[in-house]
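**Q** Sharing entry.cif below, mmCIF, C-alpha atoms:
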data_run
loop_
_atom_site.label_atom_id
_atom_site.label_comp_id
_atom_site.auth_asym_id
_atom_site.auth_seq_id
_atom_site.Cartn_x
_atom_site.Cartn_y
_atom_site.Cartn_z
CA MET A 1 -19.62 -13.00 10.73
CA THR A 2 -22.24 -10.29 10.51
CA LYS A 3 -21.07 -7.60 8.15
CA ALA A 4 -21.95 -3.99 7.35
CA LEU A 5 -20.75 -1.96 4.38
CA VAL A 6 -19.57 1.57 5.15
CA ILE A 7 -19.09 4.01 2.27
CA ILE A 8 -17.01 7.04 3.23
CA ASP A 9 -16.98 10.47 1.57
CA MET A 10 -18.11 9.52 -1.91
CA VAL A 11 -19.58 13.02 -2.22
CA ASN A 12 -19.52 15.58 -5.00
CA ASP A 13 -16.78 17.73 -3.47
CA PHE A 14 -14.42 14.76 -3.14
CA VAL A 15 -15.11 13.16 -6.52
CA THR A 16 -15.59 16.18 -8.82
CA GLY A 17 -15.48 19.32 -6.67
CA LYS A 18 -13.20 21.39 -4.46
CA LEU A 19 -11.17 18.43 -3.18
CA LYS A 20 -11.45 16.45 -6.40
CA CYS A 21 -9.67 13.12 -6.41
CA ASP A 22 -9.23 12.02 -10.03
CA ARG A 23 -8.53 8.49 -8.83
CA ALA A 24 -12.02 8.25 -7.26
CA GLN A 25 -13.66 7.49 -10.60
CA LYS A 26 -11.98 4.09 -10.83
CA ILE A 27 -13.40 2.88 -7.51
CA VAL A 28 -17.01 3.92 -8.21
CA PRO A 29 -17.95 0.78 -10.24
CA ASN A 30 -16.32 -1.46 -7.62
CA ILE A 31 -18.19 0.20 -4.76
CA ARG A 32 -21.43 -0.03 -6.76
CA LYS A 33 -20.81 -3.78 -7.27
CA LEU A 34 -20.28 -4.20 -3.54
CA VAL A 35 -23.38 -2.14 -2.68
CA GLU A 36 -25.53 -4.29 -4.97
CA ALA A 37 -24.17 -7.50 -3.42
CA ALA A 38 -24.69 -6.15 0.10
CA ARG A 39 -28.27 -5.08 -0.57
CA ALA A 40 -29.05 -8.48 -2.16
CA LYS A 41 -27.81 -10.25 1.00
CA LYS A 42 -29.51 -7.78 3.39
CA VAL A 43 -26.14 -6.50 4.63
CA PRO A 44 -26.57 -2.97 6.06
CA VAL A 45 -25.27 -0.28 3.69
CA ILE A 46 -24.17 2.83 5.55
CA TYR A 47 -23.04 6.07 3.92
CA VAL A 48 -20.98 8.36 6.16
CA SER A 49 -19.94 11.61 4.53
CA ASP A 50 -18.57 15.01 5.37
CA ALA A 51 -21.24 17.60 6.12
CA HIS A 52 -19.26 20.43 7.64
CA LEU A 53 -20.24 23.43 9.68
CA HIS A 54 -18.25 26.66 9.43
CA THR A 55 -16.77 26.01 12.88
CA ASP A 56 -15.24 22.60 12.06
CA SER A 57 -11.51 22.30 12.71
CA GLU A 58 -10.95 20.27 9.54
CA LEU A 59 -11.65 23.40 7.49
CA ARG A 60 -8.37 24.86 8.78
CA VAL A 61 -6.56 22.06 6.94
CA TRP A 62 -8.62 21.62 3.76
CA GLY A 63 -10.57 24.84 3.42
CA GLU A 64 -14.30 24.98 3.04
CA HIS A 65 -15.64 21.76 1.49
CA ALA A 66 -18.69 19.50 1.64
CA MET A 67 -20.63 22.02 3.69
CA LYS A 68 -23.76 20.71 5.39
CA GLY A 69 -26.89 21.13 3.29
CA THR A 70 -25.09 21.86 0.01
CA PRO A 71 -25.04 19.76 -3.18
CA GLU A 72 -21.27 19.39 -2.69
CA ALA A 73 -21.94 17.31 0.46
CA GLU A 74 -24.31 14.92 -1.33
CA VAL A 75 -23.34 11.39 -2.32
CA ILE A 76 -22.47 11.20 -6.02
CA SER A 77 -25.35 10.18 -8.29
CA GLU A 78 -23.65 6.91 -9.29
CA LEU A 79 -23.81 5.70 -5.68
CA LYS A 80 -27.01 7.32 -4.41
CA PRO A 81 -28.38 5.76 -1.25
CA ALA A 82 -31.50 3.63 -1.64
CA LYS A 83 -34.46 3.09 0.63
CA GLY A 84 -33.26 1.11 3.63
CA ASP A 85 -29.68 2.41 3.50
CA PHE A 86 -28.38 4.52 6.35
CA VAL A 87 -27.03 8.02 5.66
CA LEU A 88 -24.92 9.68 8.35
CA GLU A 89 -23.08 12.99 8.43
CA LYS A 90 -19.60 13.42 9.84
CA ARG A 91 -17.57 16.48 10.72
CA THR A 92 -14.18 14.83 11.29
CA TYR A 93 -12.07 12.20 9.57
CA SER A 94 -13.60 9.23 11.42
CA ALA A 95 -16.98 7.83 10.43
CA PHE A 96 -17.47 6.88 14.10
CA PHE A 97 -16.94 10.26 15.77
CA GLU A 98 -20.34 11.60 16.91
CA THR A 99 -22.23 10.01 14.00
CA GLY A 100 -24.25 7.19 15.54
CA LEU A 101 -22.44 4.61 13.39
CA ASP A 102 -21.48 2.44 16.35
CA SER A 103 -25.10 2.34 17.57
CA ILE A 104 -26.34 1.20 14.16
CA LEU A 105 -23.67 -1.50 13.95
CA ARG A 106 -24.43 -2.78 17.46
CA HIS A 107 -28.18 -2.75 16.80
CA HIS A 108 -27.60 -4.99 13.76
CA LYS A 109 -25.16 -7.19 15.73
CA VAL A 110 -22.37 -6.41 13.26
CA ASP A 111 -18.91 -7.71 14.07
CA THR A 112 -17.24 -7.01 10.72
CA VAL A 113 -17.06 -3.60 9.05
CA ILE A 114 -16.26 -3.27 5.36
CA VAL A 115 -14.65 0.14 4.79
CA THR A 116 -14.82 1.73 1.33
CA GLY A 117 -14.44 5.22 -0.15
CA LEU A 118 -12.03 8.11 0.21
CA HIS A 119 -9.22 8.55 1.37
CA THR A 120 -7.25 5.42 2.23
CA HIS A 121 -4.68 7.34 4.27
CA ILE A 122 -7.05 9.79 5.98
CA CYS A 123 -10.75 9.10 6.60
CA ASP A 124 -10.55 5.38 5.87
CA ARG A 125 -7.58 5.14 8.23
CA HIS A 126 -9.25 7.01 11.08
CA THR A 127 -12.49 5.07 10.63
CA THR A 128 -10.57 1.79 10.66
CA ALA A 129 -8.75 2.80 13.83
CA ASP A 130 -12.01 3.59 15.58
CA ALA A 131 -13.56 0.31 14.38
CA PHE A 132 -10.54 -1.60 15.66
CA PHE A 133 -10.66 0.14 19.05
CA ARG A 134 -14.34 -0.81 19.34
CA GLY A 135 -13.58 -4.49 18.67
CA TYR A 136 -14.75 -4.81 15.07
CA HIS A 137 -12.97 -6.90 12.45
CA VAL A 138 -12.29 -4.68 9.43
CA ILE A 139 -12.18 -5.63 5.76
CA VAL A 140 -10.92 -3.14 3.19
CA PRO A 141 -11.43 -4.03 -0.46
CA SER A 142 -8.26 -2.58 -1.98
CA ASP A 143 -10.03 -1.53 -5.17
CA CYS A 144 -12.88 0.22 -3.33
CA VAL A 145 -10.67 2.78 -1.55
CA ASP A 146 -8.21 5.30 -2.91
CA SER A 147 -6.31 8.50 -2.25
CA PHE A 148 -4.97 11.51 -4.11
CA THR A 149 -1.82 9.57 -5.06
CA GLU A 150 -0.83 5.94 -5.51
CA GLU A 151 1.80 6.39 -2.81
CA ASP A 152 -0.75 7.66 -0.27
CA HIS A 153 -3.11 4.81 -1.18
CA LEU A 154 -0.49 2.06 -0.87
CA LYS A 155 1.03 3.47 2.31
CA GLY A 156 -2.48 3.77 3.71
CA LEU A 157 -3.25 0.11 3.01
CA GLU A 158 0.06 -1.02 4.50
CA TYR A 159 -0.59 1.00 7.65
CA LEU A 160 -4.08 -0.51 8.04
CA LYS A 161 -2.68 -4.03 7.74
CA MET A 162 0.21 -3.36 10.13
CA ALA A 163 -1.60 -1.39 12.84
CA TYR A 164 -5.06 -2.98 12.80
CA LYS A 165 -4.60 -6.36 11.07
CA VAL A 166 -7.15 -5.29 8.46
CA GLU A 167 -8.12 -7.92 5.92
CA VAL A 168 -7.34 -6.46 2.49
CA LEU A 169 -8.68 -8.17 -0.62
CA PRO A 170 -10.11 -7.26 -4.05
CA VAL A 171 -13.82 -6.55 -4.43
CA ASP A 172 -14.49 -9.62 -6.58
CA GLU A 173 -13.17 -11.87 -3.83
CA LEU A 174 -15.15 -10.01 -1.17
CA VAL A 175 -18.42 -10.19 -3.11
CA LYS A 176 -18.20 -14.00 -2.90
CA LYS A 177 -17.91 -13.78 0.91
CA ILE A 178 -20.86 -11.48 1.56
#
Here is a file; write its structure as structure tokens.
**A**
Amino acid sequence: MTKALVIIDMVNDFVTGKLKCDRAQKIVPNIRKLVEAARAKKVPVIYVSDAHLHTDSELRVWGEHAMKGTPEAEVISELKPAKGDFVLEKRTYSAFFETGLDSILRHHKVDTVIVTGLHTHICDRHTTADAFFRGYHVIVPSDCVDSFTEEDHLKGLEYLKMAYKVEVLPVDELVKKI
């Protein structure tokens, strides 16, 4: 298996800003642990985060947030990308839609995508669907994703397992497999 780590929407507006998710703080150390393990094993680390334009349809649902070029759309300091990491911008829920993610994965001959970040039941779900439809195996470390509520998080995980046969496991178990 050739893996890639995808970190979704761990940006200022989602962690501490306009769409603050209090539960995000607890996944930050777990994602950092996974990032360090991935970098040590030369596994591609790919950040895909909202960077909205004023014309984006998502703004009708959530209001203005993570606008392109603003500090609110930057990855939080605790998870800053390093040299060699990929940083992509997205304007919809899926990390695949018009971002170049699929091209990067194919270039690196990736067959397994590790999905982390926010929100289990929204962006993680849509990204997982698009990965599944493109033939990738998906792993979701349960303690590296979260949502606004425990209910949304758990329902999100159950949906991913049911609809896409996602492999769900804790970060400490995944780190051993990287």
**Q** Each residue of segment 25-92 of chain A with at least one atom at most 12 Å from segment 126-146 of chain A should appear once, together with its nearest atom pair and the corresponding distance in Å (one decimal); atoms considered: only C-alpha atoms; ordering: chain, then increasing residue number; output as a tab-separated table.
**A**
residue	atom	partner	partner_atom	distance
A:Gln25	CA	A:Asp146	CA	9.7
A:Lys26	CA	A:Asp143	CA	8.2
A:Ile27	CA	A:Cys144	CA	5.0
A:Val28	CA	A:Cys144	CA	7.4
A:Pro29	CA	A:Cys144	CA	8.6
A:Asn30	CA	A:Cys144	CA	5.7
A:Ile31	CA	A:Cys144	CA	5.5
A:Arg32	CA	A:Cys144	CA	9.2
A:Lys33	CA	A:Cys144	CA	9.7
A:Leu34	CA	A:Cys144	CA	8.6
A:Val35	CA	A:Cys144	CA	10.8
A:Val48	CA	A:Thr127	CA	10.1
A:Ser49	CA	A:Thr127	CA	11.6
A:Lys90	CA	A:Thr127	CA	11.0
A:Thr92	CA	A:His126	CA	9.2
**Q** Find, counting all atoms listed in the file, the residue in A:Asp124, A:Asp50, A:Asp102, A:Asp111 that gets nearest to Leu19 of chain A.
**A**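 The shortest atom-to-atom distance to Leu19 of chain A comes from A:Asp50.
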**Q** For this file, the PyMOL selection byres ((chain A and resi 36) around 12) selects which residues, as a ChimeraX atom specification?
**A** /A:5,29-35,37-45,79-82,85,171,175,178
**Q** Please provide as a list in words all residues within 9 Å of Thr2 of chain A, with the sequence filter that same-chain residues fewer than 5 positions apart are discarded (counting only C-alpha atoms).
**A**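 Here the qualifying residues turn out to be Val43, His108, Lys109, Val110, Asp111, Thr112 and Val113 of chain A.
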**Q** How close does segment 26-123 of chain A get to segment 151-168 of chain A? List, as a tab-separated table, each residue of segment 26-123 of chain A within 8 Å, its nearest atom pair and the distance in Å to one decimal, counting all atoms listed in the file.
**A**
residue	atom	partner	partner_atom	distance
A:His119	CA	A:His153	CA	7.6
A:Thr120	CA	A:Gly156	CA	5.3
A:His121	CA	A:Gly156	CA	4.2
A:Ile122	CA	A:Gly156	CA	7.9
**Q** Which of these, A:Ala24, A:Ile8, A:Ile46, A:Thr55, has the shortest distance to Lys83 of chain A once you count all atoms listed in the file?
**A** A:Ile46
**Q** Would you mind putting N, CA and C atoms back on segment 138-173 of chain A and writing the result as a PDB file, in the frame of the given file?
**A**
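Printed below is rebuild-v6.pdb as written:
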ATOM      1  N   VAL A 138     -12.152  -5.605  10.561  1.00  0.00           N
ATOM      2  CA  VAL A 138     -12.290  -4.680   9.430  1.00  0.00           C
ATOM      3  C   VAL A 138     -11.771  -5.333   8.159  1.00  0.00           C
ATOM      4  N   ILE A 139     -12.571  -5.204   7.108  1.00  0.00           N
ATOM      5  CA  ILE A 139     -12.180  -5.630   5.760  1.00  0.00           C
ATOM      6  C   ILE A 139     -12.127  -4.382   4.903  1.00  0.00           C
ATOM      7  N   VAL A 140     -11.050  -4.251   4.135  1.00  0.00           N
ATOM      8  CA  VAL A 140     -10.920  -3.140   3.190  1.00  0.00           C
ATOM      9  C   VAL A 140     -10.681  -3.721   1.804  1.00  0.00           C
ATOM     10  N   PRO A 141     -11.674  -3.604   0.922  1.00  0.00           N
ATOM     11  CA  PRO A 141     -11.430  -4.030  -0.460  1.00  0.00           C
ATOM     12  C   PRO A 141     -10.494  -3.008  -1.122  1.00  0.00           C
ATOM     13  N   SER A 142      -9.319  -3.478  -1.500  1.00  0.00           N
ATOM     14  CA  SER A 142      -8.260  -2.580  -1.980  1.00  0.00           C
ATOM     15  C   SER A 142      -8.648  -1.762  -3.196  1.00  0.00           C
ATOM     16  N   ASP A 143      -9.600  -2.251  -3.981  1.00  0.00           N
ATOM     17  CA  ASP A 143     -10.030  -1.530  -5.170  1.00  0.00           C
ATOM     18  C   ASP A 143     -11.356  -0.793  -4.964  1.00  0.00           C
ATOM     19  N   CYS A 144     -11.710  -0.578  -3.700  1.00  0.00           N
ATOM     20  CA  CYS A 144     -12.880   0.220  -3.330  1.00  0.00           C
ATOM     21  C   CYS A 144     -12.505   1.390  -2.430  1.00  0.00           C
ATOM     22  N   VAL A 145     -11.197   1.621  -2.284  1.00  0.00           N
ATOM     23  CA  VAL A 145     -10.670   2.780  -1.550  1.00  0.00           C
ATOM     24  C   VAL A 145      -9.572   3.389  -2.401  1.00  0.00           C
ATOM     25  N   ASP A 146      -9.318   4.659  -2.195  1.00  0.00           N
ATOM     26  CA  ASP A 146      -8.210   5.300  -2.910  1.00  0.00           C
ATOM     27  C   ASP A 146      -7.882   6.626  -2.251  1.00  0.00           C
ATOM     28  N   SER A 147      -6.826   7.241  -2.774  1.00  0.00           N
ATOM     29  CA  SER A 147      -6.310   8.500  -2.250  1.00  0.00           C
ATOM     30  C   SER A 147      -5.902   9.398  -3.402  1.00  0.00           C
ATOM     31  N   PHE A 148      -5.412  10.578  -3.074  1.00  0.00           N
ATOM     32  CA  PHE A 148      -4.970  11.510  -4.110  1.00  0.00           C
ATOM     33  C   PHE A 148      -3.841  10.940  -4.955  1.00  0.00           C
ATOM     34  N   THR A 149      -2.964  10.147  -4.325  1.00  0.00           N
ATOM     35  CA  THR A 149      -1.820   9.570  -5.060  1.00  0.00           C
ATOM     36  C   THR A 149      -1.733   8.075  -4.788  1.00  0.00           C
ATOM     37  N   GLU A 150      -1.076   7.371  -5.685  1.00  0.00           N
ATOM     38  CA  GLU A 150      -0.830   5.940  -5.510  1.00  0.00           C
ATOM     39  C   GLU A 150      -0.012   5.686  -4.253  1.00  0.00           C
ATOM     40  N   GLU A 151       0.960   6.542  -3.999  1.00  0.00           N
ATOM     41  CA  GLU A 151       1.800   6.390  -2.810  1.00  0.00           C
ATOM     42  C   GLU A 151       0.968   6.497  -1.537  1.00  0.00           C
ATOM     43  N   ASP A 152       0.098   7.510  -1.456  1.00  0.00           N
ATOM     44  CA  ASP A 152      -0.750   7.660  -0.270  1.00  0.00           C
ATOM     45  C   ASP A 152      -1.674   6.452  -0.101  1.00  0.00           C
ATOM     46  N   HIS A 153      -2.215   5.972  -1.209  1.00  0.00           N
ATOM     47  CA  HIS A 153      -3.110   4.810  -1.180  1.00  0.00           C
ATOM     48  C   HIS A 153      -2.386   3.572  -0.666  1.00  0.00           C
ATOM     49  N   LEU A 154      -1.236   3.261  -1.259  1.00  0.00           N
ATOM     50  CA  LEU A 154      -0.490   2.060  -0.870  1.00  0.00           C
ATOM     51  C   LEU A 154       0.037   2.140   0.552  1.00  0.00           C
ATOM     52  N   LYS A 155       0.564   3.298   0.926  1.00  0.00           N
ATOM     53  CA  LYS A 155       1.030   3.470   2.310  1.00  0.00           C
ATOM     54  C   LYS A 155      -0.141   3.352   3.287  1.00  0.00           C
ATOM     55  N   GLY A 156      -1.288   3.882   2.878  1.00  0.00           N
ATOM     56  CA  GLY A 156      -2.480   3.770   3.710  1.00  0.00           C
ATOM     57  C   GLY A 156      -2.878   2.324   3.940  1.00  0.00           C
ATOM     58  N   LEU A 157      -2.903   1.528   2.879  1.00  0.00           N
ATOM     59  CA  LEU A 157      -3.250   0.110   3.010  1.00  0.00           C
ATOM     60  C   LEU A 157      -2.250  -0.632   3.893  1.00  0.00           C
ATOM     61  N   GLU A 158      -0.970  -0.355   3.684  1.00  0.00           N
ATOM     62  CA  GLU A 158       0.060  -1.020   4.500  1.00  0.00           C
ATOM     63  C   GLU A 158      -0.094  -0.668   5.972  1.00  0.00           C
ATOM     64  N   TYR A 159      -0.392   0.582   6.263  1.00  0.00           N
ATOM     65  CA  TYR A 159      -0.590   1.000   7.650  1.00  0.00           C
ATOM     66  C   TYR A 159      -1.783   0.264   8.264  1.00  0.00           C
ATOM     67  N   LEU A 160      -2.884   0.165   7.520  1.00  0.00           N
ATOM     68  CA  LEU A 160      -4.080  -0.510   8.040  1.00  0.00           C
ATOM     69  C   LEU A 160      -3.790  -1.966   8.354  1.00  0.00           C
ATOM     70  N   LYS A 161      -3.036  -2.620   7.496  1.00  0.00           N
ATOM     71  CA  LYS A 161      -2.680  -4.030   7.740  1.00  0.00           C
ATOM     72  C   LYS A 161      -1.760  -4.154   8.952  1.00  0.00           C
ATOM     73  N   MET A 162      -0.772  -3.279   9.046  1.00  0.00           N
ATOM     74  CA  MET A 162       0.210  -3.360  10.130  1.00  0.00           C
ATOM     75  C   MET A 162      -0.415  -3.002  11.480  1.00  0.00           C
ATOM     76  N   ALA A 163      -1.124  -1.903  11.548  1.00  0.00           N
ATOM     77  CA  ALA A 163      -1.600  -1.390  12.840  1.00  0.00           C
ATOM     78  C   ALA A 163      -2.879  -2.053  13.330  1.00  0.00           C
ATOM     79  N   TYR A 164      -3.748  -2.492  12.408  1.00  0.00           N
ATOM     80  CA  TYR A 164      -5.060  -2.980  12.800  1.00  0.00           C
ATOM     81  C   TYR A 164      -5.388  -4.378  12.278  1.00  0.00           C
ATOM     82  N   LYS A 165      -4.408  -5.017  11.630  1.00  0.00           N
ATOM     83  CA  LYS A 165      -4.600  -6.360  11.070  1.00  0.00           C
ATOM     84  C   LYS A 165      -5.845  -6.425  10.182  1.00  0.00           C
ATOM     85  N   VAL A 166      -6.032  -5.374   9.390  1.00  0.00           N
ATOM     86  CA  VAL A 166      -7.150  -5.290   8.460  1.00  0.00           C
ATOM     87  C   VAL A 166      -6.982  -6.368   7.384  1.00  0.00           C
ATOM     88  N   GLU A 167      -8.092  -6.964   7.024  1.00  0.00           N
ATOM     89  CA  GLU A 167      -8.120  -7.920   5.920  1.00  0.00           C
ATOM     90  C   GLU A 167      -8.289  -7.132   4.627  1.00  0.00           C
ATOM     91  N   VAL A 168      -7.296  -7.194   3.756  1.00  0.00           N
ATOM     92  CA  VAL A 168      -7.340  -6.460   2.490  1.00  0.00           C
ATOM     93  C   VAL A 168      -7.455  -7.461   1.353  1.00  0.00           C
ATOM     94  N   LEU A 169      -8.469  -7.277   0.506  1.00  0.00           N
ATOM     95  CA  LEU A 169      -8.680  -8.170  -0.620  1.00  0.00           C
ATOM     96  C   LEU A 169      -9.423  -7.415  -1.730  1.00  0.00           C
ATOM     97  N   PRO A 170      -9.401  -7.941  -2.957  1.00  0.00           N
ATOM     98  CA  PRO A 170     -10.110  -7.260  -4.050  1.00  0.00           C
ATOM     99  C   PRO A 170     -11.625  -7.450  -3.935  1.00  0.00           C
ATOM    100  N   VAL A 171     -12.366  -6.542  -4.532  1.00  0.00           N
ATOM    101  CA  VAL A 171     -13.820  -6.550  -4.430  1.00  0.00           C
ATOM    102  C   VAL A 171     -14.423  -7.852  -4.953  1.00  0.00           C
ATOM    103  N   ASP A 172     -13.899  -8.387  -6.032  1.00  0.00           N
ATOM    104  CA  ASP A 172     -14.490  -9.620  -6.580  1.00  0.00           C
ATOM    105  C   ASP A 172     -14.382 -10.786  -5.612  1.00  0.00           C
ATOM    106  N   GLU A 173     -13.315 -10.839  -4.844  1.00  0.00           N
ATOM    107  CA  GLU A 173     -13.170 -11.870  -3.830  1.00  0.00           C
ATOM    108  C   GLU A 173     -14.120 -11.624  -2.655  1.00  0.00           C
TER     109      GLU A 173
END
